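Trainee: Please find entry-v3.txt (compact mmCIF, C-alpha atoms) on the next line:
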# COMPACT_ATOMS: atom_id res chain seq x y z
CA MET N 380 0.00 0.00 0.00
CA ASP N 381 2.92 2.37 0.71
CA THR N 382 4.05 2.20 -2.92
CA LEU N 383 0.56 2.49 -4.44
CA PRO N 384 -0.09 5.85 -6.19
CA TYR N 385 -2.65 8.23 -4.71
CA ALA N 386 -5.05 7.98 -7.66
CA PRO N 387 -6.00 4.28 -7.08
CA LEU N 388 -6.30 4.89 -3.33
CA LEU N 389 -8.66 7.82 -3.88
CA GLY N 390 -10.62 5.76 -6.41
CA ILE N 391 -11.05 2.91 -3.94
CA LEU N 392 -12.13 5.39 -1.25
CA ALA N 393 -14.74 6.95 -3.55
CA LEU N 394 -16.11 3.55 -4.60
CA ALA N 395 -16.29 2.41 -0.98
CA LEU N 396 -18.20 5.58 -0.05
CA LEU N 397 -20.64 5.01 -2.92
CA TRP N 398 -20.99 1.34 -1.93
CA SER N 399 -21.82 2.23 1.68
CA ALA N 400 -24.29 4.94 0.65
CA LEU N 401 -26.07 2.56 -1.73
CA PHE N 402 -26.68 -0.16 0.85
CA THR N 403 -27.63 2.35 3.54
CA ALA N 404 -30.27 3.77 1.18
CA VAL N 405 -31.60 0.29 0.36
CA ASP N 406 -31.84 -0.59 4.06
CA ALA N 407 -33.58 2.71 4.84
CA ALA N 408 -36.05 2.14 1.98
CA ARG N 409 -36.76 -1.36 3.33
CA LEU N 410 -37.59 0.07 6.75
CA LEU N 411 -39.89 2.70 5.21
CA ILE N 412 -41.72 0.17 3.07
CA ASN N 413 -42.16 -2.25 5.99
CA ALA N 414 -43.39 0.54 8.27
CA SER N 415 -46.07 1.61 5.77
CA PRO N 416 -49.47 -0.08 6.27
CA ARG N 417 -50.14 0.21 2.54
CA HIS N 418 -46.94 -0.92 0.86
CA GLY N 419 -47.26 -2.74 -2.42
CA ASP N 420 -44.32 -5.16 -2.48
CA GLU N 421 -46.22 -8.26 -1.29
CA GLY N 422 -45.04 -10.36 -4.22
CA GLN N 423 -41.37 -9.42 -3.92
CA PRO N 424 -38.81 -11.62 -2.15
CA PRO N 425 -37.50 -10.18 1.13
CA LEU N 426 -34.09 -8.58 1.23
CA PRO N 427 -31.45 -10.29 3.43
CA VAL N 428 -31.18 -7.81 6.30
CA PRO N 429 -27.90 -9.07 7.85
CA ALA N 430 -26.18 -8.93 4.45
CA LEU N 431 -27.43 -5.37 3.89
CA VAL N 432 -25.99 -4.24 7.21
CA LEU N 433 -22.70 -6.05 6.58
CA CYS N 434 -22.28 -4.51 3.10
CA ALA N 435 -22.93 -0.99 4.39
CA SER N 436 -20.58 -1.53 7.36
CA LEU N 437 -17.75 -2.94 5.21
CA GLY N 438 -17.97 0.11 2.95
CA LYS N 439 -17.75 2.48 5.91
CA LEU N 440 -14.77 0.63 7.38
CA LEU N 441 -12.97 0.68 4.04
CA VAL N 442 -13.57 4.43 3.66
CA LEU N 443 -12.21 5.12 7.14
CA GLY N 444 -9.18 2.85 6.61
CA MET N 445 -8.27 4.29 3.21
CA ALA N 446 -8.65 7.87 4.45
CA CYS N 447 -6.38 7.23 7.47
CA LEU N 448 -3.81 5.53 5.22
CA ILE N 449 -3.73 8.45 2.77
CA GLY N 450 -3.53 10.96 5.61
CA GLU N 451 -0.63 9.14 7.28
CA ARG N 452 1.32 8.89 4.01
CA GLN N 453 0.77 12.59 3.39
CA SER N 454 1.44 14.16 6.82
CA GLY N 455 2.33 11.42 9.27
CA GLU N 456 0.42 11.06 12.57
CA HIS N 457 -1.09 14.53 12.28
CA GLY N 458 -2.50 13.70 8.84
CA PHE N 459 -3.77 10.31 10.12
CA TRP N 460 -6.09 11.96 12.63
CA LEU N 461 -7.19 14.78 10.35
CA ALA N 462 -8.03 12.35 7.55
CA GLY N 463 -9.89 10.11 10.00
CA LEU N 464 -12.06 13.01 11.24
CA ALA N 465 -12.73 14.12 7.65
CA ALA N 466 -13.72 10.57 6.72
CA VAL N 467 -16.13 10.36 9.65
CA ALA N 468 -17.76 13.65 8.61
CA ALA N 469 -18.02 12.48 4.98
CA LEU N 470 -19.53 9.16 6.06
CA LEU N 471 -22.16 10.89 8.21
CA VAL N 472 -23.20 13.18 5.35
CA PHE N 473 -22.81 11.01 2.24
CA ALA N 474 -23.30 7.49 3.67
CA GLU N 475 -25.96 8.15 6.33
CA PHE N 476 -28.09 11.29 6.18
CA LEU N 477 -28.09 11.83 2.39
CA PRO N 478 -28.96 8.20 1.44
CA ARG N 479 -31.76 8.09 4.00
CA ARG N 480 -33.27 11.30 2.65
CA LEU N 481 -33.07 9.96 -0.89
CA ALA N 482 -34.73 6.71 0.25
CA ARG N 483 -37.63 8.67 1.75
CA ARG N 484 -38.25 10.36 -1.61
CA ASN N 485 -38.60 7.14 -3.61
CA PRO N 486 -38.30 4.00 -1.45
CA GLN N 487 -39.66 1.66 -4.13
CA ALA N 488 -36.83 2.55 -6.53
CA PHE N 489 -34.18 1.64 -3.95
CA ILE N 490 -36.02 -1.58 -3.08
CA SER N 491 -35.91 -2.55 -6.76
CA LEU N 492 -32.21 -1.71 -6.83
CA GLY N 493 -31.63 -3.86 -3.74
CA LEU N 494 -33.47 -6.78 -5.34
CA SER N 495 -31.18 -6.53 -8.36
CA LEU N 496 -28.20 -6.89 -5.99
CA ARG N 497 -29.54 -10.04 -4.32
CA PRO N 498 -27.47 -12.53 -6.39
CA PHE N 499 -24.31 -10.48 -5.87
CA PRO N 500 -23.06 -9.29 -3.45
CA LEU N 501 -25.90 -9.84 -0.93
CA ALA N 502 -26.22 -13.59 -1.45
CA LEU N 503 -22.44 -13.97 -1.40
CA LEU N 504 -22.02 -12.17 1.93
CA GLN N 505 -25.16 -13.55 3.57
CA PRO N 506 -23.41 -16.58 5.19
CA LEU N 507 -20.77 -14.34 6.77
CA ALA N 508 -23.44 -11.88 7.87
CA CYS N 509 -25.49 -14.69 9.45
CA LEU N 510 -22.36 -15.83 11.31
CA PHE N 511 -21.89 -12.38 12.85
CA ASP N 512 -25.62 -12.17 13.55
CA GLY N 513 -25.50 -15.55 15.29
CA ILE N 514 -22.62 -14.39 17.49
CA ALA N 515 -24.68 -11.32 18.46
CA LYS N 516 -27.65 -13.56 19.36
CA LEU N 517 -25.42 -15.74 21.57
CA ILE N 518 -24.13 -12.67 23.38
CA LEU N 519 -27.67 -11.41 24.00
CA ARG N 520 -29.14 -14.77 25.01
CA PRO N 521 -28.51 -14.33 28.78
CA PHE N 522 -30.32 -10.97 28.62
CA ARG N 523 -33.37 -12.22 26.73
CA ALA N 524 -36.61 -10.77 28.14
CA GLN N 525 -38.82 -13.31 29.87
CA PRO N 526 -42.46 -13.53 28.74
CA THR N 527 -44.95 -11.89 31.05
CA ALA N 528 -48.68 -12.31 31.46
CA VAL N 529 -49.49 -8.75 30.40
CA ALA N 530 -47.23 -6.58 28.26
CA LEU N 531 -47.92 -2.95 29.03
CA HIS N 532 -45.26 -1.72 26.61
CA PRO N 533 -44.63 -4.26 23.81
CA GLN N 534 -41.01 -4.39 22.77
CA GLU N 535 -39.98 -3.43 19.28
CA GLU N 536 -39.61 -6.43 16.99
CA ASP N 537 -36.07 -7.56 16.22
CA GLU N 538 -35.83 -7.32 12.43
CA PHE N 539 -32.76 -9.58 12.40
CA ASP N 540 -34.58 -12.41 14.16
CA GLU N 541 -36.09 -14.38 11.32
CA ASP N 542 -37.53 -16.96 13.72
CA ALA N 543 -39.77 -14.44 15.43
CA PRO N 544 -43.34 -14.20 14.07
CA HIS N 545 -43.91 -11.00 12.13
CA GLU N 546 -47.18 -9.13 12.44
CA ALA N 547 -48.28 -5.94 10.78
CA PRO N 548 -48.19 -3.10 13.29
CA ARG N 549 -51.57 -2.08 14.64
CA HIS N 550 -52.24 1.54 15.37
CA GLY N 551 -54.20 2.41 18.48
CA LEU N 552 -57.43 4.41 18.34
CA LEU N 553 -55.78 7.35 20.11
CA ASP N 554 -52.91 7.43 17.59
CA GLY N 555 -55.38 7.33 14.72
CA LEU N 556 -57.43 10.21 16.11
CA GLN N 557 -54.32 12.27 16.75
CA SER N 558 -53.21 11.75 13.14
CA LEU N 559 -56.44 13.49 12.03
CA ASP N 560 -55.03 16.71 13.47
CA LYS N 561 -52.76 16.86 10.39
CA VAL N 562 -55.73 16.64 8.00
CA THR N 563 -57.99 19.65 7.49
CA VAL N 564 -61.59 20.01 6.38
CA ASN N 565 -60.33 21.27 3.03
CA ASP N 566 -58.74 17.86 2.40
CA ILE N 567 -62.00 15.89 2.49
CA LEU N 568 -64.75 18.36 1.55
CA VAL N 569 -67.22 17.71 -1.26
CA PRO N 570 -66.34 20.40 -3.85
CA ARG N 571 -68.92 23.10 -4.55
CA ASN N 572 -69.55 21.94 -8.13
CA GLU N 573 -70.47 18.47 -6.84
CA VAL N 574 -72.81 19.66 -4.07
CA ASP N 575 -76.46 18.67 -4.49
CA GLY N 576 -78.38 21.77 -3.33
CA ILE N 577 -81.81 23.38 -3.65
CA ASN N 578 -82.16 26.61 -5.62
CA LEU N 579 -85.20 28.44 -4.25
CA ASP N 580 -85.49 30.48 -7.47
CA GLU N 581 -86.47 27.38 -9.45
CA PRO N 582 -90.12 26.29 -9.87
CA ILE N 583 -91.49 24.19 -7.02
CA GLY N 584 -92.26 21.34 -9.45
CA HIS N 585 -88.60 21.07 -10.44
CA ILE N 586 -87.56 21.20 -6.78
CA ILE N 587 -89.96 18.34 -5.96
CA GLU N 588 -88.47 16.20 -8.76
CA GLN N 589 -84.98 16.96 -7.49
CA LEU N 590 -85.90 15.98 -3.93
CA ILE N 591 -87.50 12.69 -5.06
CA VAL N 592 -84.31 11.48 -6.76
CA SER N 593 -81.93 12.90 -4.14
CA ARG N 594 -80.15 10.40 -1.87
CA HIS N 595 -79.27 12.96 0.82
CA THR N 596 -81.21 13.86 3.95
CA ARG N 597 -79.62 17.31 4.35
CA LEU N 598 -79.23 19.74 1.45
CA PRO N 599 -77.98 23.34 1.25
CA VAL N 600 -80.66 25.85 0.24
CA TYR N 601 -79.71 29.01 -1.66
CA HIS N 602 -80.93 31.69 -4.03
CA SER N 603 -79.50 31.51 -7.56
CA ASP N 604 -75.87 30.99 -6.46
CA ILE N 605 -74.59 28.38 -4.00
CA ASN N 606 -72.28 31.09 -2.64
CA GLN N 607 -75.43 32.50 -1.00
CA VAL N 608 -76.34 29.52 1.20
CA GLU N 609 -79.26 30.61 3.37
CA ALA N 610 -80.28 27.41 5.14
CA ILE N 611 -80.01 23.64 5.34
CA LEU N 612 -83.02 21.51 4.41
CA ASN N 613 -83.90 18.38 6.39
CA THR N 614 -85.64 16.28 3.74
CA LYS N 615 -87.08 13.87 6.33
CA LEU N 616 -89.53 16.59 7.44
CA ILE N 617 -91.09 16.90 3.98
CA SER N 618 -90.61 13.41 2.51
CA HIS N 619 -94.32 12.58 3.05
CA LEU N 620 -95.31 15.52 0.83
CA LEU N 621 -93.24 14.49 -2.19
CA PRO N 622 -95.10 11.46 -3.67
CA LYS N 623 -98.26 13.51 -4.41
CA ALA N 624 -96.40 16.76 -5.14
CA GLU N 625 -98.10 18.54 -2.22
CA LEU N 626 -94.98 20.45 -1.16
CA THR N 627 -95.25 24.24 -1.15
CA GLN N 628 -92.55 26.91 -0.99
CA GLU N 629 -93.61 27.82 2.57
CA GLN N 630 -93.42 24.18 3.76
CA LEU N 631 -90.01 23.88 2.14
CA VAL N 632 -88.69 26.94 3.96
CA GLY N 633 -90.28 25.73 7.21
CA ALA N 634 -88.27 22.51 7.08
CA CYS N 635 -84.97 24.43 6.93
CA TYR N 636 -82.63 25.55 9.69
CA GLU N 637 -79.70 27.92 9.99
CA PRO N 638 -76.54 26.89 8.11
CA TYR N 639 -73.35 26.04 9.99
CA PHE N 640 -70.21 27.48 8.39
CA VAL N 641 -66.81 25.85 8.79
CA PRO N 642 -63.40 27.43 7.99
CA GLU N 643 -61.46 25.38 5.43
CA SER N 644 -58.35 25.15 7.64
CA THR N 645 -60.12 23.47 10.58
CA PRO N 646 -58.37 20.19 11.54
CA LEU N 647 -60.65 17.14 11.33
CA GLN N 648 -60.06 16.29 14.98
CA MET N 649 -61.33 19.76 15.98
CA GLN N 650 -64.24 19.61 13.52
CA LEU N 651 -65.35 16.27 14.91
CA LEU N 652 -65.59 17.87 18.35
CA ASN N 653 -67.35 20.93 16.89
CA PHE N 654 -70.01 18.76 15.21
CA HIS N 655 -70.68 17.14 18.57
CA LYS N 656 -70.72 20.46 20.42
CA GLN N 657 -73.02 22.17 17.89
CA GLN N 658 -75.21 19.08 17.42
CA ARG N 659 -74.73 19.33 13.65
CA ARG N 660 -74.06 16.77 10.93
CA LEU N 661 -73.32 19.05 7.97
CA GLY N 662 -71.14 22.13 7.61
CA VAL N 663 -70.71 24.58 4.75
CA VAL N 664 -66.97 25.04 4.16
CA VAL N 665 -65.83 28.60 3.40
CA ASP N 666 -62.45 30.18 2.68
CA GLU N 667 -60.97 33.28 4.31
CA TYR N 668 -63.06 35.53 2.06
CA GLY N 669 -66.34 33.79 2.86
CA GLU N 670 -66.57 32.03 -0.50
CA VAL N 671 -68.28 28.64 -0.34
CA LEU N 672 -65.82 25.85 -1.21
CA GLY N 673 -68.12 22.88 -0.58
CA ILE N 674 -69.62 20.92 2.28
CA VAL N 675 -68.35 18.47 4.89
CA THR N 676 -70.46 16.03 6.87
CA LEU N 677 -70.01 14.04 10.03
CA GLU N 678 -70.11 10.90 7.91
CA ASP N 679 -67.13 12.16 5.84
CA ILE N 680 -65.02 12.53 8.98
CA LEU N 681 -66.08 9.15 10.33
CA GLU N 682 -65.11 7.55 7.02
CA GLU N 683 -61.71 9.20 7.31
CA ILE N 684 -61.29 7.77 10.82
CA VAL N 685 -62.34 4.30 9.72
CA GLY N 686 -59.89 4.52 6.82
CA GLU N 687 -57.03 5.03 9.30
CA PHE N 688 -57.66 1.59 10.82
CA GLU N 689 -58.36 -0.52 7.71
CA ASP N 690 -55.80 -3.34 7.70
CA GLU N 691 -56.89 -4.77 4.37
CA GLN N 692 -57.30 -2.51 1.37
CA THR N 693 -59.98 -3.57 -1.10
CA LEU N 694 -60.70 -2.11 -4.48
CA ASP N 695 -64.20 -0.83 -3.64
CA ASN N 696 -63.93 2.70 -5.08
CA PRO N 697 -66.54 3.16 -7.85
CA HIS N 698 -64.28 5.74 -9.53
CA VAL N 699 -61.40 3.26 -9.91
CA HIS N 700 -61.58 0.49 -12.51
CA ALA N 701 -58.83 -2.15 -12.57
CA GLN N 702 -57.63 -3.38 -15.97
CA PRO N 703 -56.34 -6.90 -16.81
CA ASP N 704 -52.83 -5.59 -17.53
CA GLY N 705 -52.46 -4.11 -14.03
CA THR N 706 -53.29 -0.52 -14.98
CA PHE N 707 -56.27 1.47 -13.68
CA VAL N 708 -58.83 3.64 -15.45
CA ILE N 709 -59.77 6.34 -12.94
CA GLU N 710 -62.42 9.04 -13.28
CA GLY N 711 -61.07 12.57 -13.15
CA ALA N 712 -63.48 13.57 -10.36
CA ALA N 713 -62.05 10.91 -8.03
CA SER N 714 -60.53 12.22 -4.82
CA LEU N 715 -56.75 11.77 -4.56
CA ARG N 716 -57.06 10.72 -0.93
CA GLU N 717 -59.58 8.02 -1.85
CA ILE N 718 -57.36 6.80 -4.70
CA ASN N 719 -54.37 6.58 -2.36
CA ARG N 720 -56.42 4.75 0.25
CA THR N 721 -57.91 2.31 -2.25
CA LEU N 722 -54.71 1.45 -4.12
CA GLY N 723 -52.10 2.10 -1.43
CA TRP N 724 -50.53 4.81 -3.57
CA HIS N 725 -48.91 8.11 -2.60
CA LEU N 726 -50.20 10.62 -5.13
CA PRO N 727 -49.55 14.16 -3.80
CA CYS N 728 -52.71 15.41 -2.10
CA ASP N 729 -51.56 17.71 0.74
CA GLY N 730 -51.90 21.42 0.19
CA GLY N 731 -52.67 21.11 -3.53
CA PRO N 732 -55.31 19.65 -5.88
CA LYS N 733 -57.92 17.37 -4.31
CA THR N 734 -59.00 15.42 -7.40
CA LEU N 735 -57.19 13.52 -10.13
CA ASN N 736 -58.30 16.07 -12.72
CA GLY N 737 -56.93 18.87 -10.54
CA LEU N 738 -53.59 17.06 -10.26
CA VAL N 739 -53.41 16.60 -14.04
CA THR N 740 -54.34 20.24 -14.69
CA GLU N 741 -51.72 21.50 -12.22
CA ALA N 742 -49.02 19.27 -13.71
CA LEU N 743 -49.80 20.30 -17.31
CA GLU N 744 -50.40 23.97 -16.40
CA SER N 745 -53.11 23.96 -19.07
CA ILE N 746 -56.51 22.51 -19.89
CA PRO N 747 -56.08 18.71 -20.31
CA GLU N 748 -56.46 17.14 -23.73
CA SER N 749 -56.97 13.52 -24.74
CA ALA N 750 -53.99 11.27 -25.59
CA VAL N 751 -51.63 13.38 -23.46
CA CYS N 752 -49.24 11.45 -21.18
CA LEU N 753 -47.44 12.80 -18.14
CA LYS N 754 -45.21 11.60 -15.34
CA ILE N 755 -45.75 12.40 -11.65
CA GLY N 756 -43.15 10.71 -9.46
CA ARG N 757 -43.36 6.97 -10.09
CA TYR N 758 -46.83 7.28 -11.59
CA ARG N 759 -47.63 7.48 -15.29
CA LEU N 760 -50.89 9.07 -16.45
CA GLU N 761 -52.54 9.03 -19.87
CA ILE N 762 -55.66 11.12 -20.45
CA LEU N 763 -58.26 8.93 -22.17
CA GLU N 764 -61.27 11.26 -22.25
CA THR N 765 -61.95 14.96 -21.62
CA GLU N 766 -65.29 16.59 -20.90
CA ASP N 767 -66.09 20.25 -20.13
CA ASN N 768 -62.38 21.16 -20.12
CA CYS N 769 -61.70 18.45 -17.54
CA ALA N 770 -59.97 15.08 -17.69
CA SER N 771 -62.94 12.74 -17.21
CA LYS N 772 -61.03 9.44 -17.55
CA VAL N 773 -57.33 8.84 -16.94
CA LEU N 774 -55.28 5.67 -17.37
CA VAL N 775 -52.82 5.39 -14.47
CA TRP N 776 -50.07 2.88 -13.72
CA THR N 777 -46.91 2.73 -11.62
CA VAL N 778 -43.32 2.01 -12.57
CA THR N 779 -40.65 0.69 -10.24
CA ARG N 780 -37.86 2.87 -11.63
Can you give me the file's structure in the form of structure tokens?

Mentor:
Amino acid sequence: MDTLPYAPLLGILALALLWSALFTAVDAARLLINASPRHGDEGQPPLPVPALVLCASLGKLLVLGMACLIGERQSGEHGFWLAGLAAVAALLVFAEFLPRRLARRNPQAFISLGLSLRPFPLALLQPLACLFDGIAKLILRPFRAQPTAVALHPQEEDEFDEDAPHEAPRHGLLDGLQSLDKVTVNDILVPRNEVDGINLDEPIGHIIEQLIVSRHTRLPVYHSDINQVEAILNTKLISHLLPKAELTQEQLVGACYEPYFVPESTPLQMQLLNFHKQQRRLGVVVDEYGEVLGIVTLEDILEEIVGEFEDEQTLDNPHVHAQPDGTFVIEGAASLREINRTLGWHLPCDGGPKTLNGLVTEALESIPESAVCLKIGRYRLEILETEDNCASKVLVWTVTR
């Protein structure tokens, strides 16, 4: 090593740093995927965890050793310590924090990369890694926790212990309710253009026909424009007058009550309490200028809570249609949150568009047109149909890289 030129030594150091960063990112992506209740890698073979740790550790040790060697050759003992400290700083930045941040951005891509490395070097180093892992188990055996009748604080599962039974983590009710504090009313509201309301300026005959076919028990009542919501109609109070068309304008107004307005930024946890406190089941959502954005109901919030605890995801969304080739035809009006919940995807839905059409329009920065394809993260979208300047049907599929 003393006679080796600096160029090969620096090359080996750089490759070792890249090696360590790669396997750290793959291991971090594995942890993120396993921690997600909606990950989609059920059909993929598991990555050998001990081999991943060994590969990342060997790379770090090689970086530290090569850096100390170069430093000692350059400046003696003083250079040895300076190079060692510089190597530690470089490892922390480029082989720890940076790879983990990259893994959080696209964990599935790093999982696919790790699977491509299974034959070599992971499979090659797995026996040695299992040997070291076995030694660690022997050392810890005298300190193994004894089983107790009631576990008040369950211990974290040892991911290296392949003999231990693995169960999907279950989130407590309190944790699920607290997570709603991060979701606002604006995230789940029914948009204004989809609200089924009663326009008092229309003929009473047309209103009666609308009420007969309506599936809702509470409807906003307004004059001409839904921005001027004046009341909420309880259809149960007038349902007996509809079959024979006996409903009058006065009876319609008599079955209404004062509207309840909700700011769009209200967290769902707070709104759930407000519904209980106000004894209401429907709120009209408004922005900071008082413009009506849509409506939110108690049932919408309860569905959001139930969605937090669903262990099994089923394709029961009427807006999502699975295709034989693994792609999905999705209606443009479908909510992004509902799509993510149904398919276990991660389409961006926080602080931006709420529907698939809105996401497409924002990405294109123009009115969508048919046969246009676009890429959003690991998702590919092709607009199949447009209607009223909106993407009415979109073909969506995912790619692993």

Trainee: Excluding stretch 664-673 of chain N and any residue of its chain fewer than 6 positions from it, enumerate the residues within 7 Å of it, using all atoms listed in the file, and give them as a ChimeraX atom specification.

Mentor: /N:568-571,574,606,640-643

Trainee: Could you tell me which of N:Pro384, N:Pro478, N:Gly711, N:Pro521 comes closest to N:Val739 if we count all atoms listed in the file?

Mentor: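 Looking only at the distances to N:Val739, the closest residue turns out to be N:Gly711.
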
Trainee: Given the point (-11.3, 2.8, 5.0) in the coordinates of this file, which residues lie within 10 Å, counting all atoms listed in the file, and how would they look as a PyMOL selection string?

Mentor: chain N and resi 388+391-392+395-396+437-449+463+466

Trainee: Would you kindly return, as an NGL selection string, each protein, DNA or RNA residue with an atom no farther than 6 Å from any atom of stretch 675-680 of chain N, considering all atoms listed in the file and excluding same-chain residues fewer than 4 positions away?

Mentor: :N and (568 or 660-662)

Trainee: Only C-alpha atoms, please: the residues just picked out, written as a PDB file, keeping the file's coordinate frame.

Mentor:
ATOM      1  CA  LEU N 568     -64.750  18.360   1.550  1.00  0.00           C
ATOM      2  CA  ARG N 660     -74.060  16.770  10.930  1.00  0.00           C
ATOM      3  CA  LEU N 661     -73.320  19.050   7.970  1.00  0.00           C
ATOM      4  CA  GLY N 662     -71.140  22.130   7.610  1.00  0.00           C
TER       5      GLY N 662
END

Trainee: Taking into account only C-alpha atoms, which residue in the set N:Glu588, N:Glu766, N:Glu629, N:Glu717 is nearest to N:Ile567?

Mentor: N:Glu717

Trainee: Report, in Å to a single decimal, how far apart atom CA of N:Ile605 and atom CA of N:Leu590 are.

Mentor: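 A separation of 16.8 Å between them.
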
Trainee: Can you pull out every residue within 12 Å of stretch 491-497 of chain N, counting all atoms listed in the file, but drop anything in the same chain fewer than 2 positions away, and send it as a ChimeraX atom specification?

Mentor: /N:398,401-409,412,420,423-428,430-431,434,482,485-489,499-505,778-780

Trainee: Step by step: start from the point (-51.0, 20.5, -13.2) in the file's coordinates, keep every protein, DNA or RNA residue that has an atom no farther than 12 Å from it, count all atoms listed in the file, and write the set as number ranges by chain.

Mentor: N: 727, 731-747, 753-755, 760, 769-770

Trainee: Give, as JSON, the centre coordinates and the x, y and z edge lengths in Å to one decimal for an axis-aligned box around all listed atoms of stretch 478-494 of chain N, padded by 4 Å on each side.

Mentor:
{"center_x": -34.3, "center_y": 2.3, "center_z": -1.4, "size_x": 18.7, "size_y": 26.1, "size_z": 18.8}
